[in-house]
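Shown below: model.txt, with compact mmCIF, C-alpha atoms.
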```txt
# COMPACT_ATOMS: atom_id res chain seq x y z
CA MET A 24 0.28 -16.28 27.37
CA ASN A 25 3.81 -15.95 28.72
CA GLN A 26 3.57 -14.54 32.26
CA ALA A 27 6.51 -12.18 31.70
CA ILE A 28 4.82 -10.66 28.65
CA GLU A 29 1.60 -10.13 30.57
CA ALA A 30 3.42 -8.68 33.60
CA SER A 31 5.35 -6.22 31.43
CA TYR A 32 2.14 -5.23 29.70
CA ASN A 33 0.37 -4.53 32.98
CA GLU A 34 3.24 -2.35 34.18
CA ALA A 35 3.24 -0.47 30.88
CA LYS A 36 -0.52 0.08 31.19
CA LYS A 37 0.03 1.79 34.54
CA LEU A 38 2.60 4.18 33.10
CA TYR A 39 0.41 5.15 30.18
CA ALA A 40 -2.68 5.45 32.37
CA ARG A 41 -0.99 8.26 34.29
CA HIS A 42 -1.37 10.32 31.13
CA GLY A 43 -4.94 9.23 30.42
CA ILE A 44 -3.99 6.64 27.82
CA GLN A 45 -6.15 3.53 28.09
CA VAL A 46 -4.00 0.88 26.46
CA ASP A 47 -6.75 -1.74 26.14
CA ASP A 48 -8.77 0.75 24.11
CA VAL A 49 -5.74 1.54 21.99
CA LEU A 50 -5.26 -2.12 21.11
CA GLN A 51 -8.91 -2.48 20.20
CA LYS A 52 -8.59 0.48 17.83
CA LEU A 53 -5.35 -0.91 16.40
CA SER A 54 -7.03 -4.24 15.67
CA GLU A 55 -9.56 -2.48 13.44
CA ILE A 56 -6.89 -1.16 11.06
CA LYS A 57 -6.40 -3.19 7.88
CA ILE A 58 -3.07 -3.04 6.07
CA SER A 59 -3.18 -4.06 2.41
CA LEU A 60 -0.31 -6.44 1.60
CA HIS A 61 0.85 -6.05 -2.00
CA CYS A 62 0.97 -9.38 -3.80
CA TRP A 63 3.85 -8.32 -6.09
CA GLN A 64 6.46 -8.61 -3.32
CA GLY A 65 6.04 -12.37 -3.48
CA ASP A 66 7.23 -12.85 -7.07
CA ASP A 67 9.23 -9.71 -7.98
CA VAL A 68 6.34 -8.17 -9.95
CA GLN A 69 6.23 -10.97 -12.53
CA GLY A 70 2.52 -11.78 -12.44
CA PHE A 71 0.90 -14.72 -14.21
CA LEU A 72 -0.60 -13.36 -17.42
CA PHE A 73 2.67 -12.59 -19.21
CA LYS A 74 5.29 -14.49 -17.25
CA ASP A 75 7.94 -14.22 -19.95
CA LYS A 76 7.53 -10.45 -20.36
CA GLN A 77 10.39 -8.37 -18.94
CA LEU A 78 9.41 -5.88 -16.23
CA SER A 79 9.06 -2.37 -17.65
CA GLY A 80 7.38 0.94 -16.99
CA GLY A 81 10.12 2.58 -14.95
CA ILE A 82 10.10 -0.27 -12.43
CA ALA A 83 13.06 -2.42 -11.44
CA VAL A 84 13.49 -5.29 -9.00
CA THR A 85 17.03 -6.06 -7.87
CA GLY A 86 18.25 -9.28 -6.32
CA SER A 87 17.76 -12.94 -7.13
CA TYR A 88 16.83 -14.45 -3.76
CA PRO A 89 15.50 -17.98 -4.33
CA GLY A 90 11.97 -19.16 -3.75
CA ARG A 91 9.78 -16.53 -5.31
CA ALA A 92 6.25 -17.65 -6.15
CA GLY A 93 5.70 -18.99 -9.64
CA THR A 94 2.00 -19.85 -9.55
CA PRO A 95 -1.13 -18.34 -7.97
CA ASP A 96 -1.28 -21.21 -5.47
CA GLU A 97 2.33 -20.64 -4.42
CA LEU A 98 1.72 -16.93 -4.02
CA ARG A 99 -1.37 -17.52 -1.89
CA GLN A 100 0.53 -20.04 0.19
CA ASP A 101 3.29 -17.50 0.82
CA LEU A 102 0.79 -14.79 1.71
CA GLU A 103 -0.88 -17.12 4.19
CA LYS A 104 2.48 -17.73 5.84
CA ALA A 105 3.25 -14.04 6.05
CA LEU A 106 -0.19 -13.21 7.44
CA SER A 107 0.22 -15.91 10.10
CA LEU A 108 3.19 -13.92 11.45
CA ILE A 109 1.44 -10.52 11.45
CA PRO A 110 -1.11 -9.49 14.10
CA GLY A 111 -4.54 -8.36 12.95
CA GLN A 112 -6.88 -9.04 10.05
CA HIS A 113 -5.83 -7.42 6.80
CA LYS A 114 -6.23 -7.18 3.02
CA VAL A 115 -4.31 -8.30 -0.06
CA ASN A 116 -3.65 -5.97 -2.97
CA LEU A 117 -3.70 -7.50 -6.47
CA HIS A 118 -2.46 -6.24 -9.82
CA ALA A 119 -4.35 -7.24 -12.93
CA ILE A 120 -1.46 -9.38 -14.19
CA TYR A 121 -2.07 -11.72 -11.23
CA ALA A 122 -5.23 -13.17 -12.79
CA ASP A 123 -5.60 -16.85 -11.94
CA THR A 124 -6.77 -18.37 -15.20
CA THR A 125 -5.78 -20.91 -17.83
CA GLU A 126 -7.39 -18.78 -20.55
CA GLN A 127 -5.20 -16.82 -22.95
CA VAL A 128 -6.55 -13.33 -22.30
CA ASP A 129 -5.16 -9.85 -22.77
CA LEU A 130 -5.62 -7.07 -20.25
CA ASP A 131 -8.62 -5.57 -22.05
CA GLN A 132 -10.42 -8.93 -21.84
CA LEU A 133 -10.19 -9.57 -18.12
CA GLU A 134 -13.38 -10.38 -16.25
CA PRO A 135 -14.22 -11.11 -12.60
CA ARG A 136 -14.17 -14.85 -13.34
CA HIS A 137 -10.43 -14.67 -13.97
CA PHE A 138 -9.98 -13.74 -10.30
CA GLN A 139 -12.58 -16.02 -8.72
CA ASN A 140 -9.92 -18.24 -7.13
CA TRP A 141 -8.58 -15.14 -5.38
CA VAL A 142 -12.07 -14.25 -4.15
CA ASP A 143 -12.72 -17.76 -2.86
CA TRP A 144 -9.37 -17.77 -1.07
CA ALA A 145 -9.99 -14.34 0.46
CA LYS A 146 -13.33 -15.54 1.82
CA GLN A 147 -11.68 -18.57 3.40
CA GLN A 148 -8.99 -16.41 4.99
CA GLY A 149 -11.31 -13.59 6.08
CA LEU A 150 -9.44 -11.06 3.96
CA GLY A 151 -10.39 -8.09 1.82
CA LEU A 152 -8.99 -7.50 -1.65
CA ASP A 153 -7.75 -4.32 -3.32
CA PHE A 154 -6.93 -3.96 -7.01
CA ASN A 155 -4.78 -2.19 -9.60
CA PRO A 156 -5.03 -2.13 -13.39
CA THR A 157 -1.60 -3.02 -14.81
CA LEU A 158 -0.32 -0.38 -17.24
CA PHE A 159 3.23 -1.66 -17.66
CA SER A 160 5.15 -4.74 -18.85
CA HIS A 161 3.02 -4.93 -22.00
CA PRO A 162 3.71 -4.42 -25.74
CA LYS A 163 1.24 -1.53 -25.85
CA ALA A 164 3.23 0.29 -23.17
CA GLU A 165 6.69 -0.15 -24.64
CA ASP A 166 7.08 3.45 -25.79
CA GLY A 167 6.32 4.76 -22.31
CA PHE A 168 2.75 5.95 -22.90
CA THR A 169 -0.64 4.37 -22.13
CA LEU A 170 -3.67 6.48 -21.18
CA SER A 171 -2.02 9.61 -22.56
CA HIS A 172 -0.85 7.95 -25.79
CA LYS A 173 -1.41 10.01 -28.95
CA ASP A 174 -2.60 6.88 -30.81
CA PRO A 175 -6.34 6.52 -30.02
CA GLU A 176 -6.24 2.77 -30.65
CA ILE A 177 -3.59 2.23 -27.97
CA ARG A 178 -5.25 4.71 -25.67
CA ASN A 179 -8.60 2.94 -25.99
CA PHE A 180 -6.98 -0.41 -25.21
CA TRP A 181 -5.86 0.97 -21.84
CA ILE A 182 -9.17 2.72 -21.21
CA THR A 183 -10.96 -0.58 -21.71
CA HIS A 184 -8.53 -2.35 -19.39
CA CYS A 185 -9.14 0.19 -16.63
CA LYS A 186 -12.90 -0.03 -17.08
CA LYS A 187 -12.72 -3.80 -16.80
CA SER A 188 -10.55 -3.43 -13.70
CA ARG A 189 -13.17 -1.33 -11.95
CA ARG A 190 -15.79 -4.00 -12.62
CA ILE A 191 -13.47 -6.65 -11.21
CA ALA A 192 -13.00 -4.47 -8.13
CA GLU A 193 -16.76 -4.04 -7.79
CA HIS A 194 -17.06 -7.83 -7.85
CA PHE A 195 -14.48 -8.06 -5.05
CA GLY A 196 -16.42 -5.57 -2.97
CA LYS A 197 -19.73 -7.34 -3.41
CA GLU A 198 -18.34 -10.80 -2.76
CA LEU A 199 -16.22 -9.89 0.27
CA GLY A 200 -18.52 -7.36 1.94
CA GLN A 201 -15.95 -4.57 2.08
CA PRO A 202 -14.94 -1.97 -0.49
CA CYS A 203 -12.08 -2.68 -2.85
CA VAL A 204 -9.68 0.23 -3.34
CA THR A 205 -8.72 0.43 -7.02
CA ASN A 206 -5.58 2.43 -7.63
CA HIS A 207 -4.80 3.88 -11.06
CA TRP A 208 -1.12 4.47 -11.78
CA MET A 209 0.52 4.63 -15.17
CA PRO A 210 4.16 5.20 -16.16
CA ASP A 211 3.55 7.74 -18.96
CA GLY A 212 6.38 10.20 -19.48
CA TYR A 213 9.52 11.27 -21.33
CA LYS A 214 13.16 10.47 -20.67
CA ASP A 215 14.23 13.93 -21.87
CA THR A 216 12.65 17.36 -21.69
CA PRO A 217 9.45 17.57 -23.81
CA ILE A 218 8.23 20.53 -25.80
CA ASP A 219 4.53 19.89 -25.18
CA ARG A 220 3.64 19.07 -21.60
CA LEU A 221 0.01 20.01 -21.97
CA ALA A 222 -1.33 17.69 -24.69
CA PRO A 223 -0.47 14.40 -22.93
CA ARG A 224 -2.12 15.70 -19.76
CA GLU A 225 -5.23 16.67 -21.69
CA ARG A 226 -5.38 13.16 -23.14
CA LEU A 227 -4.86 11.60 -19.70
CA ARG A 228 -7.63 13.75 -18.24
CA ASP A 229 -10.03 12.71 -20.99
CA SER A 230 -9.07 9.04 -20.67
CA LEU A 231 -9.68 9.08 -16.93
CA ASP A 232 -13.03 10.81 -17.43
CA GLU A 233 -14.03 8.02 -19.81
CA ILE A 234 -12.84 5.32 -17.38
CA PHE A 235 -14.82 6.79 -14.50
CA SER A 236 -17.93 7.50 -16.57
CA GLU A 237 -19.44 4.22 -15.39
CA LYS A 238 -20.84 4.83 -11.93
CA ILE A 239 -19.87 2.24 -9.33
CA SER A 240 -20.91 2.65 -5.70
CA GLU A 241 -18.14 3.30 -3.19
CA GLU A 242 -19.81 0.60 -1.11
CA TYR A 243 -17.97 -1.79 -3.42
CA ASN A 244 -15.19 0.16 -5.14
CA ILE A 245 -13.14 3.23 -4.19
CA ASP A 246 -11.13 4.80 -7.01
CA ALA A 247 -7.74 6.36 -6.36
CA VAL A 248 -5.22 8.05 -8.65
CA GLU A 249 -1.48 7.99 -7.99
CA SER A 250 1.20 10.46 -9.01
CA LYS A 251 4.94 10.03 -9.46
CA LEU A 252 7.85 12.41 -9.70
CA PHE A 253 9.91 10.38 -12.16
CA GLY A 254 10.83 6.84 -13.17
CA ILE A 255 13.38 4.96 -15.20
CA GLY A 256 12.80 6.24 -18.73
CA SER A 257 10.64 9.15 -17.54
CA GLU A 258 13.29 11.14 -15.69
CA SER A 259 12.37 14.54 -17.16
CA TYR A 260 8.58 14.47 -17.39
CA VAL A 261 5.75 12.39 -15.96
CA VAL A 262 2.29 13.08 -17.32
CA GLY A 263 0.54 12.16 -14.05
CA SER A 264 2.31 14.59 -11.74
CA HIS A 265 1.27 15.35 -8.19
CA GLU A 266 -0.31 18.63 -9.27
CA PHE A 267 -2.21 16.93 -12.10
CA TYR A 268 -3.71 14.28 -9.87
CA MET A 269 -4.38 16.67 -7.03
CA GLY A 270 -6.50 18.78 -9.35
CA TYR A 271 -8.10 15.77 -10.99
CA ALA A 272 -9.05 14.01 -7.76
CA LEU A 273 -10.45 17.13 -6.12
CA THR A 274 -12.59 18.07 -9.14
CA ARG A 275 -13.77 14.52 -9.84
CA GLY A 276 -14.37 13.30 -6.30
CA LYS A 277 -11.67 10.63 -6.41
CA SER A 278 -9.20 9.60 -3.74
CA ILE A 279 -5.59 10.63 -4.01
CA CYS A 280 -2.87 8.03 -3.55
CA LEU A 281 0.24 9.35 -1.85
CA ASP A 282 3.20 6.99 -2.26
CA SER A 283 6.07 7.73 0.10
CA GLY A 284 8.57 7.00 -2.68
CA HIS A 285 7.01 9.09 -5.44
CA PHE A 286 8.25 12.53 -4.53
CA HIS A 287 11.51 14.45 -4.49
CA PRO A 288 14.17 12.63 -2.41
CA THR A 289 14.00 15.35 0.25
CA GLU A 290 10.19 15.62 0.18
CA VAL A 291 8.02 13.73 2.67
CA ILE A 292 4.34 12.86 2.52
CA SER A 293 3.66 13.04 6.25
CA ASN A 294 3.36 16.82 5.91
CA LYS A 295 0.80 16.46 3.12
CA LEU A 296 -1.76 14.21 4.82
CA SER A 297 -3.74 16.78 6.79
CA SER A 298 -3.79 19.22 3.85
CA VAL A 299 -5.07 16.65 1.37
CA LEU A 300 -7.74 15.31 3.72
CA MET A 301 -9.11 18.81 4.27
CA PHE A 302 -10.41 18.75 0.72
CA THR A 303 -11.04 15.10 -0.11
CA ASP A 304 -13.05 12.46 1.71
CA GLN A 305 -10.57 9.60 1.52
CA LEU A 306 -6.90 8.99 0.95
CA LEU A 307 -4.89 5.99 -0.23
CA LEU A 308 -1.47 5.70 1.34
CA HIS A 309 1.29 3.58 -0.20
CA VAL A 310 3.92 2.97 2.44
CA SER A 311 7.34 2.38 0.96
CA ARG A 312 10.95 3.38 1.68
CA PRO A 313 12.82 5.30 -0.97
CA VAL A 314 16.60 5.27 -0.86
CA ARG A 315 17.77 8.18 -3.02
CA TRP A 316 14.81 7.56 -5.39
CA ASP A 317 11.64 5.48 -5.72
CA SER A 318 13.57 2.29 -4.99
CA ASP A 319 10.79 0.63 -2.99
CA HIS A 320 12.86 -0.80 -0.15
CA VAL A 321 11.23 -2.81 2.63
CA VAL A 322 9.58 -0.51 5.15
CA THR A 323 11.60 0.13 8.30
CA MET A 324 10.54 2.08 11.36
CA ASP A 325 12.34 5.23 10.28
CA ASP A 326 11.47 8.83 11.09
CA GLU A 327 9.14 9.28 8.10
CA LEU A 328 7.12 6.16 8.87
CA LEU A 329 6.67 7.36 12.45
CA ASP A 330 5.72 10.85 11.26
CA ILE A 331 3.14 9.39 8.86
CA ALA A 332 1.63 7.36 11.70
CA ARG A 333 1.63 10.34 14.07
CA GLU A 334 -0.04 12.58 11.52
CA LEU A 335 -2.81 10.04 10.95
CA VAL A 336 -3.36 9.46 14.66
CA ARG A 337 -3.00 13.04 15.90
CA GLY A 338 -5.38 14.31 13.25
CA ASP A 339 -7.87 11.46 13.72
CA LEU A 340 -7.47 10.64 10.04
CA LEU A 341 -7.25 6.85 10.19
CA SER A 342 -10.90 6.21 9.38
CA ARG A 343 -10.47 8.10 6.08
CA THR A 344 -7.14 6.57 5.09
CA HIS A 345 -6.54 3.28 3.30
CA ILE A 346 -3.06 1.98 4.07
CA GLY A 347 -1.25 -0.29 1.66
CA LEU A 348 2.35 -1.38 1.27
CA ASP A 349 4.37 -0.97 -1.92
CA PHE A 350 7.89 -2.38 -2.04
CA PHE A 351 9.58 -5.23 -3.89
CA ASP A 352 12.91 -6.46 -2.65
CA GLY A 353 14.32 -9.42 -4.52
CA SER A 354 17.45 -9.61 -2.38
CA ILE A 355 15.90 -11.10 0.78
CA ASN A 356 13.38 -13.78 1.75
CA HIS A 357 10.16 -12.72 0.00
CA VAL A 358 7.91 -13.74 2.90
CA ALA A 359 10.13 -12.07 5.49
CA ALA A 360 9.95 -8.81 3.52
CA TRP A 361 6.16 -8.74 3.90
CA VAL A 362 6.41 -9.52 7.62
CA ILE A 363 9.05 -6.89 8.37
CA GLY A 364 7.27 -4.14 6.43
CA THR A 365 3.79 -4.87 7.75
CA ARG A 366 4.81 -5.35 11.37
CA ASN A 367 6.75 -2.09 11.25
CA THR A 368 3.78 -0.21 9.83
CA ILE A 369 1.50 -1.53 12.58
CA LYS A 370 4.12 -0.84 15.25
CA ALA A 371 4.47 2.75 14.05
CA LEU A 372 0.71 3.23 14.36
CA LEU A 373 0.80 1.75 17.85
CA ARG A 374 3.59 4.09 18.92
CA ALA A 375 1.59 7.04 17.64
CA MET A 376 -1.52 5.90 19.52
CA LEU A 377 0.47 5.64 22.75
CA GLU A 378 1.22 9.36 22.92
CA PRO A 379 -0.59 11.84 25.21
CA ILE A 380 -2.13 13.64 22.25
CA GLU A 381 -4.62 15.76 24.15
CA ALA A 382 -1.97 16.92 26.61
CA LEU A 383 0.34 17.78 23.72
CA LYS A 384 -2.36 19.74 21.93
CA HIS A 385 -3.24 21.57 25.14
CA ALA A 386 0.38 22.56 25.69
CA GLU A 387 0.61 23.77 22.11
CA GLU A 388 -2.54 25.85 22.41
CA LYS A 389 -1.11 27.50 25.54
CA ARG A 390 2.18 28.08 23.67
CA ASP A 391 3.90 25.95 26.28
CA PHE A 392 6.42 24.63 23.80
CA THR A 393 8.71 23.45 26.57
CA THR A 394 6.14 20.92 27.78
CA ARG A 395 5.31 19.93 24.23
CA LEU A 396 8.93 19.14 23.40
CA ALA A 397 9.63 17.47 26.73
CA LEU A 398 6.64 15.10 26.50
CA VAL A 399 7.31 14.18 22.88
CA GLU A 400 10.89 13.27 23.72
CA GLU A 401 10.16 11.40 26.95
CA PHE A 402 7.48 9.25 25.32
CA LYS A 403 10.01 8.00 22.81
CA SER A 404 11.38 5.77 25.56
CA TYR A 405 8.06 4.71 27.07
CA PRO A 406 7.53 0.92 26.98
CA PHE A 407 5.53 0.62 23.77
CA GLY A 408 7.49 -2.59 23.10
CA ALA A 409 5.78 -4.30 26.04
CA VAL A 410 2.42 -3.33 24.57
CA TRP A 411 3.45 -4.60 21.13
CA ASP A 412 4.60 -7.94 22.57
CA TYR A 413 1.27 -8.36 24.32
CA TYR A 414 -0.64 -7.48 21.15
CA CYS A 415 1.25 -10.09 19.16
CA ALA A 416 0.73 -12.74 21.84
CA GLN A 417 -2.94 -11.82 22.11
CA ASN A 418 -3.30 -12.33 18.35
CA GLY A 419 -1.50 -15.67 18.41
CA VAL A 420 1.48 -14.58 16.31
CA PRO A 421 5.18 -14.80 17.27
CA VAL A 422 6.54 -12.22 19.69
CA ARG A 423 9.56 -10.13 18.72
CA GLU A 424 12.05 -11.88 16.44
CA GLU A 425 10.55 -15.32 17.09
CA TRP A 426 8.77 -15.00 13.73
CA LEU A 427 12.11 -15.14 11.93
CA ALA A 428 12.68 -18.78 12.88
CA GLU A 429 9.30 -19.67 11.36
CA ALA A 430 10.10 -17.76 8.19
CA LYS A 431 13.48 -19.45 7.91
CA ASN A 432 11.94 -22.88 8.41
CA TYR A 433 9.33 -22.10 5.75
CA GLU A 434 12.17 -21.13 3.43
CA GLN A 435 13.87 -24.48 3.93
CA GLN A 436 10.71 -26.55 3.72
CA VAL A 437 8.92 -24.68 0.91
CA LEU A 438 10.70 -21.83 -0.86
CA LEU A 439 14.02 -23.50 -1.60
CA LYS A 440 12.30 -26.60 -2.99
CA ARG A 441 10.67 -24.65 -5.83
```
Output the file's structure as structure tokens, nothing else.
Amino acid sequence: MNQAIEASYNEAKKLYARHGIQVDDVLQKLSEIKISLHCWQGDDVQGFLFKDKQLSGGIAVTGSYPGRAGTPDELRQDLEKALSLIPGQHKVNLHAIYADTTEQVDLDQLEPRHFQNWVDWAKQQGLGLDFNPTLFSHPKAEDGFTLSHKDPEIRNFWITHCKKSRRIAEHFGKELGQPCVTNHWMPDGYKDTPIDRLAPRERLRDSLDEIFSEKISEEYNIDAVESKLFGIGSESYVVGSHEFYMGYALTRGKSICLDSGHFHPTEVISNKLSSVLMFTDQLLLHVSRPVRWDSDHVVTMDDELLDIARELVRGDLLSRTHIGLDFFDGSINHVAAWVIGTRNTIKALLRAMLEPIEALKHAEEKRDFTTRLALVEEFKSYPFGAVWDYYCAQNGVPVREEWLAEAKNYEQQVLLKR
């Protein structure tokens, strides 16, 4: 290890130790956190089952940066590169349309065997896998409704797909020795104001009840449901609103997925975490960056990301929270996007762990708000960067912006030759 990095780390340790923060212990705890990298950043949400199908479901990818993955092998290669530039041991999040198979199968016909290459690869890389049924970019979703569709034939198609997805996830969990988080999101909604808001929600409730009727142990699969405020084509009404899924998850014992881009532009999820986890055992967190709307920009270390990390750390909620990324930027290097977003998420957690939490809580309990404010502000300039550099070096990944040169070289040698 570079002597300067180690020297800076040792000096930083002394500063933090004055406040009772044992940095070595912090890094050990940080190393146990798994971030789930979303596979769809690597190919602009195209998938492999229906490669010629235009993206739909209120989702849009902008930009035409060259080199996106076109095959499962290319996508896995790109993920390996990204993971080699990120400290820690993590997970990969798959959508159903990323099945690796030469069979002509529809979504309601998918089986674990169609993902066996992903499982074998994950074993080789020491990774976990998460999963999502895909309820968009399909002929049976063209009118904007899936699980809440008034046509029982279409509705049953999607119910079957979600049931099959849970069995695939169970297979992941059994094969990889860690639970697979299966997130259920659908784009159902109306562009303009509906007359009947209730009936679609009743159908969605009944569809979800049917999907979850098959009992699968949380040792292998953890079900989550995800809300959204609006989407392209569902600006006025979304069937699966936050209130709908809050009630559903709490009454059915499911996890709630909070996506940082799925709420009102002025609404943040950091303030929701402690409330939700008072009443549910586990939470799925989709870290994204909305700009004006659910635009899924690459995660930066902005105020909301830091507040999310602080809420999880200060409330000791990390062990009950599954953290995944959800953005798709087609305007920059696809591998670099993963690296920037994941490294920022881990850095934000590190910054939160390097705060004198007990001292801050004690000051708050004594109503010493002066000390509380002073410590919070002073710690913003404490040398967390020295600790981050050491953590990266310790994990054998590039320090600071050194990773960018590797990503650029990979672009020249691999991405641009596709």
Quiz item: Please, which residues are within 12 Å of (-15.1, 7.0, -20.8) by the file's coordinates, counting all atoms listed in the file, and could they come as a list in words?
Solution: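 The residues that fall inside the cut-off are Leu170, Arg178, Asn179, Phe180, Trp181, Ile182, Thr183, His184, Cys185, Lys186, Lys187, Arg226, Leu227, Arg228, Asp229, Ser230, Leu231, Asp232, Glu233, Ile234, Phe235, Ser236, Glu237 and Lys238 of chain A.
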Self-check item: Which of A:Asp153, A:Glu242, A:Glu334, A:Glu378 sits closest to Phe407 (chain A) [using all atoms listed in the file]
Solution: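 Of all the options, A:Glu378 lies closest to Phe407 (chain A).
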Quiz prompt | Residue neighbourhood Ala371 (chain A), 8 Å, only C-alpha atoms, exclusion window fewer than 5 positions, as a PyMOL selection string | solution = chain A and resi 324+328-329+332
Quiz item: Which of these, A:Ile245, A:Ile380, A:Leu252, A:Leu108, has the shortest distance to Tyr433 (chain A) once you count all atoms listed in the file?
Solution: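 Ranking A:Ile245, A:Ile380, A:Leu252, A:Leu108 by distance to Tyr433 (chain A), first place goes to A:Leu108.
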Self-check item: One-decimal distance in Å that lies between CA of Leu377 (chain A) and CA of Leu296 (chain A)
Solution: 20.0 Å
Exercise. Compare A:Ala382, A:Ser283, A:Tyr39, A:Asn33 by their minimum atom-to-atom distance to Tyr405 (chain A), counting only C-alpha atoms, and give me the closest one.
Key: A:Tyr39
Self-check item: Counting only C-alpha atoms, the option among A:His118, A:His320, A:Arg190, A:Lys163 closest to Trp361 (chain A)
Solution: A:His320
For region 244-348 of chain A versus region 206-213 of chain A, which residues have an atom no more than 12 Å away, and what is each residue's nearest atom pair and distance in Å rounded to one decimal, using only C-alpha atoms, chain-then-number order, as CSV?
```
residue,atom,partner,partner_atom,distance
A:Asn244,CA,A:Asn206,CA,10.2
A:Ile245,CA,A:Asn206,CA,8.3
A:Asp246,CA,A:Asn206,CA,6.1
A:Ala247,CA,A:Asn206,CA,4.7
A:Val248,CA,A:His207,CA,4.8
A:Glu249,CA,A:Trp208,CA,5.2
A:Ser250,CA,A:Trp208,CA,7.0
A:Lys251,CA,A:Pro210,CA,8.3
A:Leu252,CA,A:Gly212,CA,10.1
A:Phe253,CA,A:Gly212,CA,8.1
A:Gly254,CA,A:Pro210,CA,7.5
A:Ile255,CA,A:Pro210,CA,9.3
A:Gly256,CA,A:Tyr213,CA,6.5
A:Ser257,CA,A:Tyr213,CA,4.5
A:Glu258,CA,A:Tyr213,CA,6.8
A:Ser259,CA,A:Tyr213,CA,6.0
A:Tyr260,CA,A:Tyr213,CA,5.2
A:Val261,CA,A:Gly212,CA,4.2
A:Val262,CA,A:Gly212,CA,5.4
A:Gly263,CA,A:Asp211,CA,7.3
A:Ser264,CA,A:Gly212,CA,9.8
A:His265,CA,A:Trp208,CA,11.7
A:Tyr268,CA,A:Trp208,CA,10.3
A:Ala272,CA,A:His207,CA,11.5
A:Lys277,CA,A:Asn206,CA,10.3
A:Ser278,CA,A:Asn206,CA,8.9
A:Ile279,CA,A:Asn206,CA,9.0
A:Cys280,CA,A:Asn206,CA,7.4
A:Leu281,CA,A:Asn206,CA,10.7
A:Asp282,CA,A:Trp208,CA,10.8
A:His285,CA,A:Trp208,CA,11.3
A:Leu306,CA,A:Asn206,CA,10.9
A:Leu307,CA,A:Asn206,CA,8.2
A:Leu308,CA,A:Asn206,CA,10.4
A:His309,CA,A:Asn206,CA,10.2
A:His345,CA,A:Asn206,CA,11.0
A:Ile346,CA,A:Asn206,CA,12.0
A:Gly347,CA,A:Asn206,CA,10.6
```
Could the centre and edge lengths of an axis-aligned box, enclosing all atoms of region 262-265 of chain A in the file with 3 Å extra on each side, be given in Å to one decimal as JSON?
```
{"center_x": 1.4, "center_y": 13.8, "center_z": -12.8, "size_x": 7.8, "size_y": 9.2, "size_z": 15.1}
```
Quiz item: Smallest atom-to-atom distance to Leu78 (chain A): which of A:Val321, A:Leu158, A:Ile56, A:Ala428, using only C-alpha atoms?
Solution: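 For Leu78 (chain A), the nearest of the given residues is A:Leu158.
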